[in-house]
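Shown next: target.cif, given as mmCIF, C-alpha atoms and all ligand atoms.
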```cif
data_upload
loop_
_atom_site.label_atom_id
_atom_site.label_comp_id
_atom_site.auth_asym_id
_atom_site.auth_seq_id
_atom_site.Cartn_x
_atom_site.Cartn_y
_atom_site.Cartn_z
CA MET A 1 -33.50 -91.48 57.65
CA ALA A 2 -29.88 -92.59 57.41
CA LEU A 3 -28.82 -96.22 57.54
CA ASP A 4 -28.58 -97.39 61.15
CA PRO A 5 -26.70 -100.74 61.29
CA GLN A 6 -26.98 -100.85 65.10
CA ARG A 7 -30.75 -101.08 64.69
CA THR A 8 -30.27 -104.32 62.73
CA VAL A 9 -28.43 -105.87 65.68
CA ALA A 10 -31.22 -104.71 68.04
CA ASP A 11 -33.89 -106.13 65.69
CA LEU A 12 -32.07 -109.46 65.52
CA LYS A 13 -31.96 -109.63 69.31
CA GLU A 14 -35.68 -108.90 69.46
CA LEU A 15 -36.36 -111.75 67.01
CA ARG A 16 -34.16 -114.05 69.11
CA GLU A 17 -36.19 -113.17 72.23
CA LEU A 18 -39.47 -113.75 70.43
CA THR A 19 -38.68 -117.05 68.67
CA GLY A 20 -35.86 -118.67 70.64
CA ASP A 21 -35.44 -120.43 73.96
CA GLU A 22 -32.52 -121.59 76.12
CA ASN A 23 -31.57 -124.10 73.38
CA GLY A 24 -31.48 -121.59 70.52
CA ALA A 25 -33.67 -120.46 67.61
CA GLN A 26 -36.87 -122.49 67.07
CA ARG A 27 -38.14 -120.98 63.81
CA VAL A 28 -38.66 -124.30 62.01
CA ALA A 29 -40.63 -123.74 58.79
CA TRP A 30 -44.35 -124.59 58.78
CA THR A 31 -44.69 -124.20 62.58
CA ASP A 32 -46.41 -121.61 64.79
CA THR A 33 -43.06 -120.12 65.86
CA TRP A 34 -42.09 -119.63 62.21
CA GLU A 35 -45.46 -117.96 61.57
CA ARG A 36 -44.84 -115.69 64.57
CA ALA A 37 -41.48 -114.67 63.05
CA ARG A 38 -43.21 -113.87 59.74
CA GLU A 39 -45.81 -111.79 61.57
CA TRP A 40 -43.00 -109.93 63.39
CA LEU A 41 -41.30 -109.25 60.05
CA ARG A 42 -44.60 -107.97 58.58
CA THR A 43 -44.87 -105.41 61.39
CA LEU A 44 -41.21 -104.40 61.09
CA VAL A 45 -41.43 -103.77 57.34
CA ALA A 46 -44.81 -101.96 57.50
CA GLU A 47 -43.20 -98.62 58.43
CA THR A 48 -41.23 -98.61 55.15
CA GLY A 49 -44.42 -98.68 53.08
CA ALA A 50 -43.26 -101.81 51.22
CA VAL A 51 -46.28 -103.90 50.19
CA GLU A 52 -46.49 -107.50 51.38
CA SER A 53 -47.55 -110.49 49.29
CA VAL A 54 -47.18 -114.23 49.83
CA ASP A 55 -46.60 -116.34 46.71
CA ALA A 56 -47.84 -119.83 45.86
CA ALA A 57 -44.87 -121.48 47.58
CA GLY A 58 -45.27 -119.51 50.81
CA ASN A 59 -42.42 -117.07 50.13
CA GLN A 60 -43.06 -113.71 51.78
CA TRP A 61 -42.35 -110.69 49.54
CA PHE A 62 -42.14 -106.98 50.46
CA THR A 63 -42.17 -104.71 47.44
CA LEU A 64 -41.06 -101.10 47.33
CA ALA A 65 -42.27 -99.93 43.93
CA GLY A 66 -39.71 -97.92 41.96
CA GLY A 67 -39.53 -95.97 38.75
CA SER A 68 -39.34 -99.25 36.84
CA THR A 69 -40.89 -102.68 37.44
CA GLN A 70 -37.43 -104.21 36.97
CA ALA A 71 -36.58 -105.38 40.49
CA VAL A 72 -33.47 -105.72 42.63
CA LEU A 73 -34.12 -108.54 45.10
CA ILE A 74 -32.62 -108.90 48.57
CA GLY A 75 -33.32 -112.34 49.99
CA GLY A 76 -32.89 -114.55 53.01
CA HIS A 77 -34.80 -117.02 55.17
CA ILE A 78 -36.27 -116.50 58.61
CA ASP A 79 -36.67 -120.25 59.21
CA SER A 80 -34.06 -122.03 61.32
CA VAL A 81 -33.14 -125.58 62.25
CA PRO A 82 -34.38 -126.72 65.70
CA ASN A 83 -32.02 -125.34 68.38
CA GLY A 84 -30.45 -123.18 65.68
CA GLY A 85 -28.44 -119.98 65.73
CA TRP A 86 -29.77 -116.42 65.82
CA LEU A 87 -28.15 -115.28 62.54
CA ASP A 88 -28.39 -118.04 59.92
CA GLY A 89 -30.86 -116.73 57.34
CA ALA A 90 -32.36 -114.10 59.64
CA LEU A 91 -29.38 -111.75 59.24
CA ASN A 92 -30.06 -111.21 55.52
CA ILE A 93 -33.75 -110.59 56.19
CA VAL A 94 -33.26 -108.10 59.02
CA ALA A 95 -30.36 -106.31 57.30
CA GLY A 96 -32.57 -106.14 54.20
CA VAL A 97 -35.25 -104.36 56.26
CA GLU A 98 -32.69 -101.72 57.26
CA VAL A 99 -31.74 -101.23 53.59
CA LEU A 100 -35.45 -100.86 52.71
CA ARG A 101 -35.84 -98.24 55.47
CA ARG A 102 -32.94 -96.22 54.10
CA ILE A 103 -34.19 -96.46 50.50
CA ALA A 104 -37.82 -95.64 51.42
CA ALA A 105 -36.73 -92.58 53.39
CA GLN A 106 -35.08 -91.19 50.25
CA GLY A 107 -38.26 -91.36 48.17
CA GLN A 108 -39.11 -93.60 45.22
CA PRO A 109 -36.13 -95.71 44.11
CA ALA A 110 -35.09 -95.74 40.44
CA VAL A 111 -36.08 -99.40 40.13
CA THR A 112 -38.30 -101.64 42.26
CA VAL A 113 -36.69 -103.14 45.36
CA ARG A 114 -38.07 -106.36 46.84
CA LEU A 115 -37.18 -108.17 50.07
CA VAL A 116 -37.95 -111.89 49.95
CA ASN A 117 -38.22 -114.23 52.91
CA TRP A 118 -37.84 -117.68 51.32
CA ALA A 119 -40.02 -120.43 52.79
CA ASP A 120 -38.31 -123.47 54.29
CA GLU A 121 -34.68 -122.98 53.28
CA GLU A 122 -33.47 -125.41 55.93
CA GLY A 123 -35.75 -128.38 55.24
CA ALA A 124 -35.48 -129.12 58.96
CA ARG A 125 -38.91 -130.72 59.36
CA PHE A 126 -39.22 -132.78 56.14
CA GLY A 127 -35.61 -133.08 54.97
CA ARG A 128 -36.11 -131.08 51.74
CA SER A 129 -34.13 -127.82 51.77
CA LEU A 130 -34.55 -124.75 49.51
CA PHE A 131 -38.30 -125.39 49.15
CA GLY A 132 -39.51 -121.85 48.39
CA SER A 133 -36.55 -120.72 46.30
CA SER A 134 -36.54 -123.89 44.16
CA ALA A 135 -40.26 -123.36 43.47
CA ALA A 136 -39.67 -119.74 42.44
CA ALA A 137 -36.67 -120.78 40.34
CA GLY A 138 -38.76 -123.45 38.60
CA SER A 139 -36.21 -126.16 39.44
CA MET A 140 -38.52 -128.01 41.87
CA ALA A 141 -39.11 -131.30 40.06
CA ASP A 142 -39.79 -133.66 42.95
CA GLN A 143 -43.49 -133.02 43.75
CA ASP A 144 -44.19 -136.77 43.77
CA GLU A 145 -41.48 -137.36 46.38
CA LEU A 146 -42.52 -134.26 48.33
CA ARG A 147 -46.07 -135.61 48.57
CA GLN A 148 -44.74 -138.70 50.39
CA LEU A 149 -42.59 -136.87 52.94
CA VAL A 150 -43.68 -137.28 56.56
CA ASP A 151 -42.33 -135.50 59.64
CA ARG A 152 -41.43 -137.17 62.94
CA ASP A 153 -45.02 -136.89 64.21
CA GLY A 154 -46.50 -138.52 61.11
CA THR A 155 -47.76 -135.29 59.49
CA ARG A 156 -47.47 -135.30 55.70
CA LEU A 157 -45.75 -132.39 53.99
CA PRO A 158 -48.83 -131.37 51.93
CA GLU A 159 -50.91 -131.16 55.14
CA ALA A 160 -48.27 -129.07 56.93
CA LEU A 161 -48.11 -126.71 53.94
CA ALA A 162 -51.90 -126.46 53.72
CA ALA A 163 -52.03 -125.40 57.37
CA HIS A 164 -50.01 -122.36 56.26
CA GLY A 165 -52.06 -121.68 53.15
CA VAL A 166 -49.76 -123.36 50.61
CA ASP A 167 -51.02 -125.89 48.04
CA LEU A 168 -48.12 -128.12 46.96
CA ASP A 169 -49.67 -128.67 43.53
CA ARG A 170 -49.57 -124.93 42.87
CA ALA A 171 -46.14 -124.19 44.41
CA LEU A 172 -44.46 -123.77 41.02
CA ASP A 173 -46.75 -120.81 40.29
CA ALA A 174 -44.21 -118.90 42.41
CA ARG A 175 -42.11 -118.77 39.22
CA ALA A 176 -44.01 -115.62 38.25
CA GLU A 177 -42.16 -113.75 41.02
CA LEU A 178 -38.81 -113.95 39.22
CA GLU A 179 -40.15 -112.61 35.91
CA THR A 180 -39.21 -109.03 36.81
CA ALA A 181 -36.07 -109.92 38.78
CA ALA A 182 -33.03 -108.08 37.42
CA ALA A 183 -30.54 -108.97 40.18
CA TYR A 184 -30.43 -110.88 43.47
CA LEU A 185 -28.36 -110.07 46.57
CA GLU A 186 -27.91 -112.20 49.69
CA LEU A 187 -25.90 -111.50 52.82
CA HIS A 188 -25.20 -114.56 54.98
CA ILE A 189 -22.97 -115.67 57.82
CA GLU A 190 -20.06 -117.72 56.51
CA GLN A 191 -20.83 -120.80 58.68
CA GLY A 192 -17.18 -121.78 58.29
CA PRO A 193 -13.77 -120.76 59.66
CA VAL A 194 -12.07 -119.15 56.63
CA LEU A 195 -12.70 -115.41 57.19
CA GLU A 196 -11.98 -115.68 60.92
CA SER A 197 -8.67 -117.42 60.25
CA LEU A 198 -7.72 -114.60 57.84
CA GLY A 199 -8.85 -111.92 60.32
CA ILE A 200 -11.20 -110.43 57.67
CA PRO A 201 -14.82 -109.48 58.54
CA LEU A 202 -16.43 -109.68 55.06
CA GLY A 203 -16.03 -111.83 51.97
CA VAL A 204 -17.27 -111.93 48.37
CA VAL A 205 -18.81 -115.32 47.56
CA GLN A 206 -17.75 -116.56 44.12
CA GLY A 207 -20.42 -119.24 43.87
CA THR A 208 -21.57 -122.45 45.48
CA PHE A 209 -19.70 -125.71 45.26
CA GLY A 210 -20.70 -128.45 42.87
CA VAL A 211 -21.39 -131.67 44.75
CA GLU A 212 -20.91 -135.36 43.84
CA ARG A 213 -22.39 -137.86 46.30
CA HIS A 214 -21.86 -141.59 45.85
CA ARG A 215 -22.35 -144.86 47.65
CA VAL A 216 -19.29 -147.08 47.19
CA THR A 217 -19.96 -150.73 47.98
CA TRP A 218 -17.01 -153.02 48.63
CA ARG A 219 -17.58 -156.82 48.53
CA GLY A 220 -15.18 -159.40 49.96
CA GLN A 221 -15.75 -162.66 51.78
CA ALA A 222 -16.89 -163.19 55.36
CA ALA A 223 -14.46 -165.59 57.07
CA HIS A 224 -13.64 -166.67 60.59
CA ALA A 225 -11.43 -164.15 62.43
CA GLY A 226 -9.48 -166.97 64.07
CA SER A 227 -9.00 -169.53 61.32
CA THR A 228 -8.36 -167.30 58.26
CA PRO A 229 -4.66 -166.47 57.71
CA MET A 230 -3.92 -162.82 56.98
CA ASP A 231 -2.83 -163.45 53.39
CA LYS A 232 -6.01 -165.40 52.57
CA ARG A 233 -8.50 -162.67 53.47
CA ARG A 234 -10.78 -160.70 51.18
CA ASP A 235 -11.54 -157.87 53.57
CA ALA A 236 -14.11 -155.36 52.24
CA LEU A 237 -13.28 -152.85 54.97
CA ALA A 238 -9.66 -152.69 53.81
CA GLY A 239 -10.79 -151.12 50.52
CA ALA A 240 -13.01 -148.57 52.29
CA ALA A 241 -10.25 -147.72 54.75
CA LYS A 242 -7.66 -147.16 52.01
CA LEU A 243 -10.08 -144.95 50.09
CA ALA A 244 -10.99 -142.91 53.20
CA LEU A 245 -7.33 -141.92 53.50
CA GLU A 246 -6.66 -141.57 49.76
CA ILE A 247 -9.38 -138.90 49.30
CA ARG A 248 -7.40 -136.56 51.57
CA GLU A 249 -4.51 -136.80 49.12
CA ILE A 250 -6.85 -136.36 46.12
CA ALA A 251 -8.45 -133.22 47.63
CA ARG A 252 -5.02 -131.81 48.47
CA ARG A 253 -3.78 -132.42 44.90
CA THR A 254 -6.93 -130.81 43.48
CA GLY A 255 -6.42 -127.71 45.66
CA GLY A 256 -8.51 -124.54 45.33
CA GLY A 257 -10.62 -125.40 48.37
CA ALA A 258 -11.76 -128.81 47.08
CA VAL A 259 -13.11 -131.10 49.80
CA CYS A 260 -13.76 -134.85 50.02
CA THR A 261 -15.53 -136.61 52.88
CA SER A 262 -16.09 -140.26 53.66
CA GLY A 263 -19.15 -139.63 55.81
CA GLY A 264 -19.87 -143.18 56.90
CA VAL A 265 -19.05 -146.86 56.44
CA VAL A 266 -21.50 -149.64 57.31
CA CYS A 267 -19.92 -153.09 57.63
CA LYS A 268 -21.57 -156.50 57.37
CA PRO A 269 -21.74 -158.88 59.08
CA GLY A 270 -20.34 -156.32 61.54
CA ILE A 271 -19.34 -158.78 64.24
CA VAL A 272 -16.01 -159.02 66.01
CA THR A 273 -15.33 -162.62 64.92
CA SER A 274 -15.65 -162.14 61.15
CA VAL A 275 -13.70 -160.54 58.33
CA VAL A 276 -15.93 -157.84 56.77
CA GLU A 277 -17.88 -159.14 53.77
CA THR A 278 -19.46 -155.88 52.58
CA ALA A 279 -18.60 -152.29 53.41
CA GLU A 280 -20.96 -149.54 52.21
CA GLN A 281 -19.10 -146.25 52.12
CA LEU A 282 -20.67 -142.78 51.68
CA LEU A 283 -18.63 -140.27 49.74
CA ASP A 284 -19.17 -136.52 49.29
CA GLN A 285 -16.91 -134.46 46.99
CA ARG A 286 -17.17 -130.70 46.35
CA ASP A 287 -15.45 -128.07 44.26
CA LEU A 288 -16.26 -124.73 42.64
CA ASP A 289 -14.90 -125.81 39.26
CA ALA A 290 -16.89 -128.40 37.28
CA ARG A 291 -13.82 -129.79 35.46
CA ARG A 292 -11.77 -130.12 38.63
CA LEU A 293 -14.73 -131.81 40.37
CA ALA A 294 -15.03 -134.33 37.50
CA THR A 295 -11.30 -135.05 37.62
CA MET A 296 -11.42 -135.52 41.39
CA LEU A 297 -14.27 -138.02 41.00
CA ALA A 298 -12.44 -139.88 38.20
CA GLU A 299 -9.26 -140.12 40.29
CA THR A 300 -11.22 -141.43 43.25
CA LYS A 301 -12.89 -144.09 41.08
CA ALA A 302 -9.50 -145.14 39.66
CA SER A 303 -8.04 -145.41 43.16
CA SER A 304 -10.96 -147.56 44.28
CA GLU A 305 -10.32 -149.99 41.38
CA ARG A 306 -6.67 -150.20 42.37
CA PHE A 307 -7.51 -150.89 46.03
CA ALA A 308 -10.08 -153.52 45.00
CA ALA A 309 -7.39 -155.32 42.97
CA GLU A 310 -4.85 -155.08 45.81
CA GLU A 311 -7.33 -156.56 48.29
CA SER A 312 -8.95 -159.13 45.93
CA ILE A 313 -12.37 -157.59 46.52
CA ASP A 314 -15.02 -156.00 44.29
CA VAL A 315 -16.07 -152.39 44.23
CA GLU A 316 -19.25 -150.84 42.84
CA TRP A 317 -20.24 -147.15 42.55
CA GLU A 318 -23.76 -145.76 42.73
CA LYS A 319 -24.63 -142.08 42.43
CA ILE A 320 -26.77 -140.69 45.27
CA TRP A 321 -27.02 -137.07 44.15
CA SER A 322 -25.07 -134.41 42.33
CA ILE A 323 -25.33 -130.74 41.47
CA GLU A 324 -23.11 -128.63 39.25
CA PRO A 325 -21.13 -125.68 40.66
CA ILE A 326 -23.06 -122.41 40.43
CA LEU A 327 -20.97 -119.31 39.72
CA PHE A 328 -22.22 -115.86 40.66
CA ASP A 329 -22.36 -112.83 38.33
CA GLU A 330 -19.03 -111.15 37.48
CA THR A 331 -20.39 -107.56 37.57
CA LEU A 332 -22.09 -108.14 40.91
CA LEU A 333 -18.95 -109.81 42.30
CA GLY A 334 -17.16 -106.58 41.42
CA PHE A 335 -19.82 -104.40 43.13
CA CYS A 336 -19.69 -106.63 46.19
CA GLU A 337 -15.92 -106.33 46.39
CA GLU A 338 -16.09 -102.51 45.99
CA ALA A 339 -18.75 -102.25 48.69
CA ILE A 340 -16.71 -104.31 51.15
CA VAL A 341 -13.52 -102.37 50.41
CA GLU A 342 -15.38 -99.08 50.96
CA VAL A 343 -16.59 -100.07 54.43
CA ASP A 344 -13.63 -102.11 55.62
CA GLY A 345 -10.66 -101.71 53.29
CA VAL A 346 -10.18 -105.39 52.53
CA ALA A 347 -12.25 -108.07 50.82
CA HIS A 348 -11.55 -111.75 50.29
CA ARG A 349 -13.10 -113.96 47.60
CA LEU A 350 -14.21 -117.42 48.70
CA PRO A 351 -16.55 -120.19 47.57
CA SER A 352 -19.57 -121.34 49.55
CA GLY A 353 -19.55 -124.96 50.70
CA PRO A 354 -23.21 -125.04 51.75
CA LEU A 355 -25.96 -124.43 49.19
CA HIS A 356 -28.09 -121.30 49.63
CA ASP A 357 -31.30 -119.87 48.15
CA ALA A 358 -28.98 -117.69 46.05
CA ALA A 359 -27.87 -120.79 44.14
CA GLU A 360 -31.46 -121.50 43.08
CA VAL A 361 -32.01 -117.90 41.97
CA ALA A 362 -28.72 -117.91 40.03
CA ARG A 363 -29.70 -121.20 38.34
CA ALA A 364 -32.88 -119.49 37.16
CA GLY A 365 -30.71 -117.02 35.25
CA VAL A 366 -30.95 -114.01 37.56
CA PRO A 367 -27.55 -112.27 38.07
CA THR A 368 -26.73 -113.06 41.71
CA VAL A 369 -24.10 -112.43 44.34
CA MET A 370 -23.67 -113.31 48.02
CA MET A 371 -21.68 -111.60 50.72
CA PHE A 372 -20.34 -113.49 53.74
CA VAL A 373 -19.71 -112.06 57.19
CA GLN A 374 -17.29 -113.85 59.49
CA SER A 375 -18.67 -116.58 61.80
CA LEU A 376 -16.99 -116.98 65.18
CA ARG A 377 -15.37 -120.42 65.55
CA GLY A 378 -16.98 -121.35 62.22
CA LEU A 379 -20.05 -122.64 64.09
CA SER A 380 -23.62 -122.69 62.76
CA HIS A 381 -26.84 -124.69 63.20
CA THR A 382 -26.28 -124.45 66.97
CA LYS A 383 -27.10 -121.88 69.63
CA LEU A 384 -23.31 -121.26 69.80
CA GLU A 385 -23.46 -119.64 66.34
CA ASP A 386 -22.26 -116.03 66.67
CA THR A 387 -20.67 -113.06 64.90
CA ARG A 388 -19.08 -109.96 66.43
CA GLU A 389 -21.59 -107.09 66.59
CA ASP A 390 -19.19 -104.65 64.93
CA HIS A 391 -18.86 -107.13 62.07
CA LEU A 392 -22.65 -107.39 61.76
CA GLU A 393 -22.81 -103.61 61.50
CA LEU A 394 -20.10 -103.56 58.81
CA ALA A 395 -22.10 -106.19 56.93
CA VAL A 396 -25.26 -104.04 56.96
CA SER A 397 -23.31 -101.04 55.65
CA ALA A 398 -21.69 -103.12 52.91
CA LEU A 399 -25.03 -104.70 51.89
CA ASP A 400 -26.53 -101.22 51.66
CA LEU A 401 -23.72 -100.02 49.39
CA LEU A 402 -24.03 -103.16 47.27
CA ALA A 403 -27.78 -102.53 46.94
CA SER A 404 -27.17 -98.91 45.86
CA LYS A 405 -24.62 -99.92 43.23
CA THR A 406 -26.92 -102.66 41.94
CA ILE A 407 -29.95 -100.36 41.74
CA GLY A 408 -27.87 -97.86 39.75
CA TRP A 409 -26.68 -100.62 37.41
CA VAL A 410 -30.19 -101.98 36.79
CA ALA A 411 -31.54 -98.45 36.28
CA GLU A 412 -28.98 -98.02 33.49
CA GLY A 413 -30.04 -101.25 31.80
CA GLY A 414 -27.78 -103.71 33.63
CA GLY A 415 -28.91 -107.00 35.12
CA ARG A 416 -31.40 -109.29 33.48
ZN ZN A 501 -28.98 -120.02 55.86
#
```

Re-express the file's structure as structure tokens.
Amino acid sequence: MALDPQRTVADLKELRELTGDENGAQRVAWTDTWERAREWLRTLVAETGAVESVDAAGNQWFTLAGGSTQAVLIGGHIDSVPNGGWLDGALNIVAGVEVLRRIAAQGQPAVTVRLVNWADEEGARFGRSLFGSSAAAGSMADQDELRQLVDRDGTRLPEALAAHGVDLDRALDARAELETAAAYLELHIEQGPVLESLGIPLGVVQGTFGVERHRVTWRGQAAHAGSTPMDKRRDALAGAAKLALEIREIARRTGGGAVCTSGGVVCKPGIVTSVVETAEQLLDQRDLDARRLATMLAETKASSERFAAEESIDVEWEKIWSIEPILFDETLLGFCEEAIVEVDGVAHRLPSGPLHDAAEVARAGVPTVMMFVQSLRGLSHTKLEDTREDHLELAVSALDLLASKTIGWVAEGGGR
């Protein structure tokens, strides 16, 4: 059986019919619709002869045993956000099935090939993303917080997991799954506008951005809006406003795709007749290079001190969350680029702004690469999410070539 990329598009449409409605995909993890999608996947893969197993974190594995237990993994997530798109996560899974079909039809592969459907990548119901992959990677360290998480209907996360056969206390046992992993491949929609603006269907993902998130609190003095002269004010919002504009300049100076966002400012007392006493500003900064990210943060802090002095107010920084940049494997980046060039003639290297399961697997020390296919209008997490069908087909062909190259490499002793 030869690779049939058109079948992937047809399979994706079938999944959309089965698990979506007029508002989009409804495959939220730990729900009946999600379970129906997993059941559908089970049936789809059965014809390849790959053997199914579900690990301690609820990840669904399909294993095609090869000449060696060393395994090349192809991974994605069938869960979606509520009212989500038809391709986010599901594309990698369904394209992976097509690759398994092609490999199975050619007899036993040189090394083991495994398709993994990660559980709860989106974190849509409980607000914790990358659940299954972080358990398998061994980086899940927040069990105590996870135990406290409650969804909108008051159901606790451990109960929701138990309803799908997963015991939170045992989730980290999923680590055993990566023991034989030699390499990890993930195809994903870009979810951004870069490839479309370049007119290029496929891209090689260099890695995922490092992230620095901070709460910046500005403190001035509340004072009457009518009786306080302009030169006597200590306006906390003035500091936040200056910084919101300055970070554009800082990101531009940093270059290389660096981004800075002032995602929100909450002012107190927040009434029309008072100068702002405190302004709490949320800041998100991202870059692929750890040194550049650190410099960008340092420059932003220095600017905030300057603005505080100019406005006679105080400024205080508090870290909310951070993660280091995760760079993908050089050899696999090369294979990915070759595969794309072979199917389409031109490849572009770009970083990923969003985190993906691939970042968790890479952090666990498994050589990893991702491939992006163009997203129309850069939209995702909405029913408007879309990709041209001919581009989806190119993506399946390129993933298949990437898988072949990677299997050959691992068979010769490459990978982990
Ligand atoms: Zn995704």

Top pick for closest residue to A:Leu44, considering A:Leu384, A:Ala182, A:Leu15, A:Ala110 and counting all atoms listed in the file: A:Leu15

Of the listed residues A:Ala29, A:Val72, A:Ala37, A:Leu149, that which approaches A:Ala183 most closely, counting all atoms listed in the file: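 Going through A:Ala29, A:Val72, A:Ala37, A:Leu149 one by one, the smallest distance to A:Ala183 is for A:Val72.
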
Long-range neighbours of stretch 242-245 of chain A as a ChimeraX atom specification, 9 Å cut-off, all atoms listed in the file, 5 positions minimum in chain: /A:237,261-262,281,283,300,303-304,307

Output for the residues just chosen: C-alpha atoms as an mmCIF file, keeping the file's coordinate frame:
```cif
data_model
loop_
_atom_site.group_PDB
_atom_site.id
_atom_site.type_symbol
_atom_site.label_atom_id
_atom_site.label_comp_id
_atom_site.auth_asym_id
_atom_site.auth_seq_id
_atom_site.Cartn_x
_atom_site.Cartn_y
_atom_site.Cartn_z
ATOM 1 C CA LEU A 237 -13.280 -152.850 54.970
ATOM 2 C CA THR A 261 -15.530 -136.610 52.880
ATOM 3 C CA SER A 262 -16.090 -140.260 53.660
ATOM 4 C CA GLN A 281 -19.100 -146.250 52.120
ATOM 5 C CA LEU A 283 -18.630 -140.270 49.740
ATOM 6 C CA THR A 300 -11.220 -141.430 43.250
ATOM 7 C CA SER A 303 -8.040 -145.410 43.160
ATOM 8 C CA SER A 304 -10.960 -147.560 44.280
ATOM 9 C CA PHE A 307 -7.510 -150.890 46.030
#
```

Shell of 12 Å around ligand ZN 501 (chain A) (all atoms listed in the file), written as a PyMOL selection string: chain A and resi 75-81+84-93+117-124+129-130+186-191+352-359+370+372+380-381+385

Shortest interatomic distance to A:Leu297 - which of A:Val211, A:Ala241, A:Ala279, A:Ala411, counting all atoms listed in the file: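 Looking only at the distances to A:Leu297, the closest residue turns out to be A:Val211.
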
Using all atoms listed in the file, tabulate the residues of stretch 95-172 of chain A lying at most 12 Å from any atom of stretch 398-401 of chain A, each with its closest atom pair and that distance in Å to one decimal, by chain and increasing residue number, as JSON lines.
```
{"residue": "A:Ala95", "atom": "CA", "partner": "A:Leu399", "partner_atom": "CA", "distance": 7.8}
{"residue": "A:Gly96", "atom": "CA", "partner": "A:Leu399", "partner_atom": "CA", "distance": 8.0}
{"residue": "A:Val97", "atom": "CA", "partner": "A:Asp400", "partner_atom": "CA", "distance": 10.3}
{"residue": "A:Glu98", "atom": "CA", "partner": "A:Asp400", "partner_atom": "CA", "distance": 8.3}
{"residue": "A:Val99", "atom": "CA", "partner": "A:Asp400", "partner_atom": "CA", "distance": 5.6}
{"residue": "A:Leu100", "atom": "CA", "partner": "A:Asp400", "partner_atom": "CA", "distance": 9.0}
{"residue": "A:Arg101", "atom": "CA", "partner": "A:Asp400", "partner_atom": "CA", "distance": 10.5}
{"residue": "A:Arg102", "atom": "CA", "partner": "A:Asp400", "partner_atom": "CA", "distance": 8.5}
{"residue": "A:Ile103", "atom": "CA", "partner": "A:Asp400", "partner_atom": "CA", "distance": 9.1}
```

Atom CA of A:Ala222 to atom CA of A:Asp314, distance in Å rounded to a single decimal: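 Between atom CA of A:Ala222 and atom CA of A:Asp314 the gap is 13.3 Å.
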
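Atom pair atom CA of A:Ile407 / atom CA of A:Ala10: separated by 26.7 Å.
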
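Closest approach to A:Asp390 from the set A:Ala104, A:Val54, A:Ala298, A:Leu202 is made by A:Leu202, with distances taken over all atoms listed in the file.
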
Residues within 7 Å of (-18.6, -160.2, 52.5), file coords, only C-alpha atoms, listed as number ranges by chain: A: 219-222, 236, 268, 276-278

Counting only C-alpha atoms, find the residues whose atoms lie at most 8 Å from (-39.1, -99.3, 40.2) (file coordinates) and write them out as a compact mmCIF listing (two decimals) with C-alpha atoms, in the coordinates of the input.
```txt
# COMPACT_ATOMS: atom_id res chain seq x y z
CA LEU A 64 -41.06 -101.10 47.33
CA ALA A 65 -42.27 -99.93 43.93
CA GLY A 66 -39.71 -97.92 41.96
CA GLY A 67 -39.53 -95.97 38.75
CA SER A 68 -39.34 -99.25 36.84
CA THR A 69 -40.89 -102.68 37.44
CA GLN A 70 -37.43 -104.21 36.97
CA ALA A 71 -36.58 -105.38 40.49
CA GLN A 108 -39.11 -93.60 45.22
CA PRO A 109 -36.13 -95.71 44.11
CA ALA A 110 -35.09 -95.74 40.44
CA VAL A 111 -36.08 -99.40 40.13
CA THR A 112 -38.30 -101.64 42.26
CA VAL A 113 -36.69 -103.14 45.36
```

Could I get stretch 52-60 of chain A rebuilt with N, CA and C atoms, written as a CSV table (one decimal), in the frame of the given file?
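Result file rebuild_10.csv:
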```
chain,number,residue,atom,x,y,z
A,52,GLU,N,-46.7,-106.1,51.2
A,52,GLU,CA,-46.5,-107.5,51.4
A,52,GLU,C,-47.3,-108.4,50.4
A,53,SER,N,-46.8,-109.5,50.0
A,53,SER,CA,-47.6,-110.5,49.3
A,53,SER,C,-46.9,-111.8,49.6
A,54,VAL,N,-47.7,-112.9,49.6
A,54,VAL,CA,-47.2,-114.2,49.8
A,54,VAL,C,-47.4,-115.0,48.6
A,55,ASP,N,-46.4,-115.6,48.0
A,55,ASP,CA,-46.6,-116.3,46.7
A,55,ASP,C,-47.1,-117.8,46.9
A,56,ALA,N,-47.2,-118.5,45.8
A,56,ALA,CA,-47.8,-119.8,45.9
A,56,ALA,C,-47.0,-120.9,46.6
A,57,ALA,N,-45.7,-120.6,46.8
A,57,ALA,CA,-44.9,-121.5,47.6
A,57,ALA,C,-44.7,-121.0,49.0
A,58,GLY,N,-45.4,-120.0,49.4
A,58,GLY,CA,-45.3,-119.5,50.8
A,58,GLY,C,-44.2,-118.5,51.0
A,59,ASN,N,-43.5,-118.1,50.0
A,59,ASN,CA,-42.4,-117.1,50.1
A,59,ASN,C,-43.1,-115.7,50.4
A,60,GLN,N,-42.5,-115.0,51.3
A,60,GLN,CA,-43.1,-113.7,51.8
A,60,GLN,C,-42.3,-112.6,51.1
```
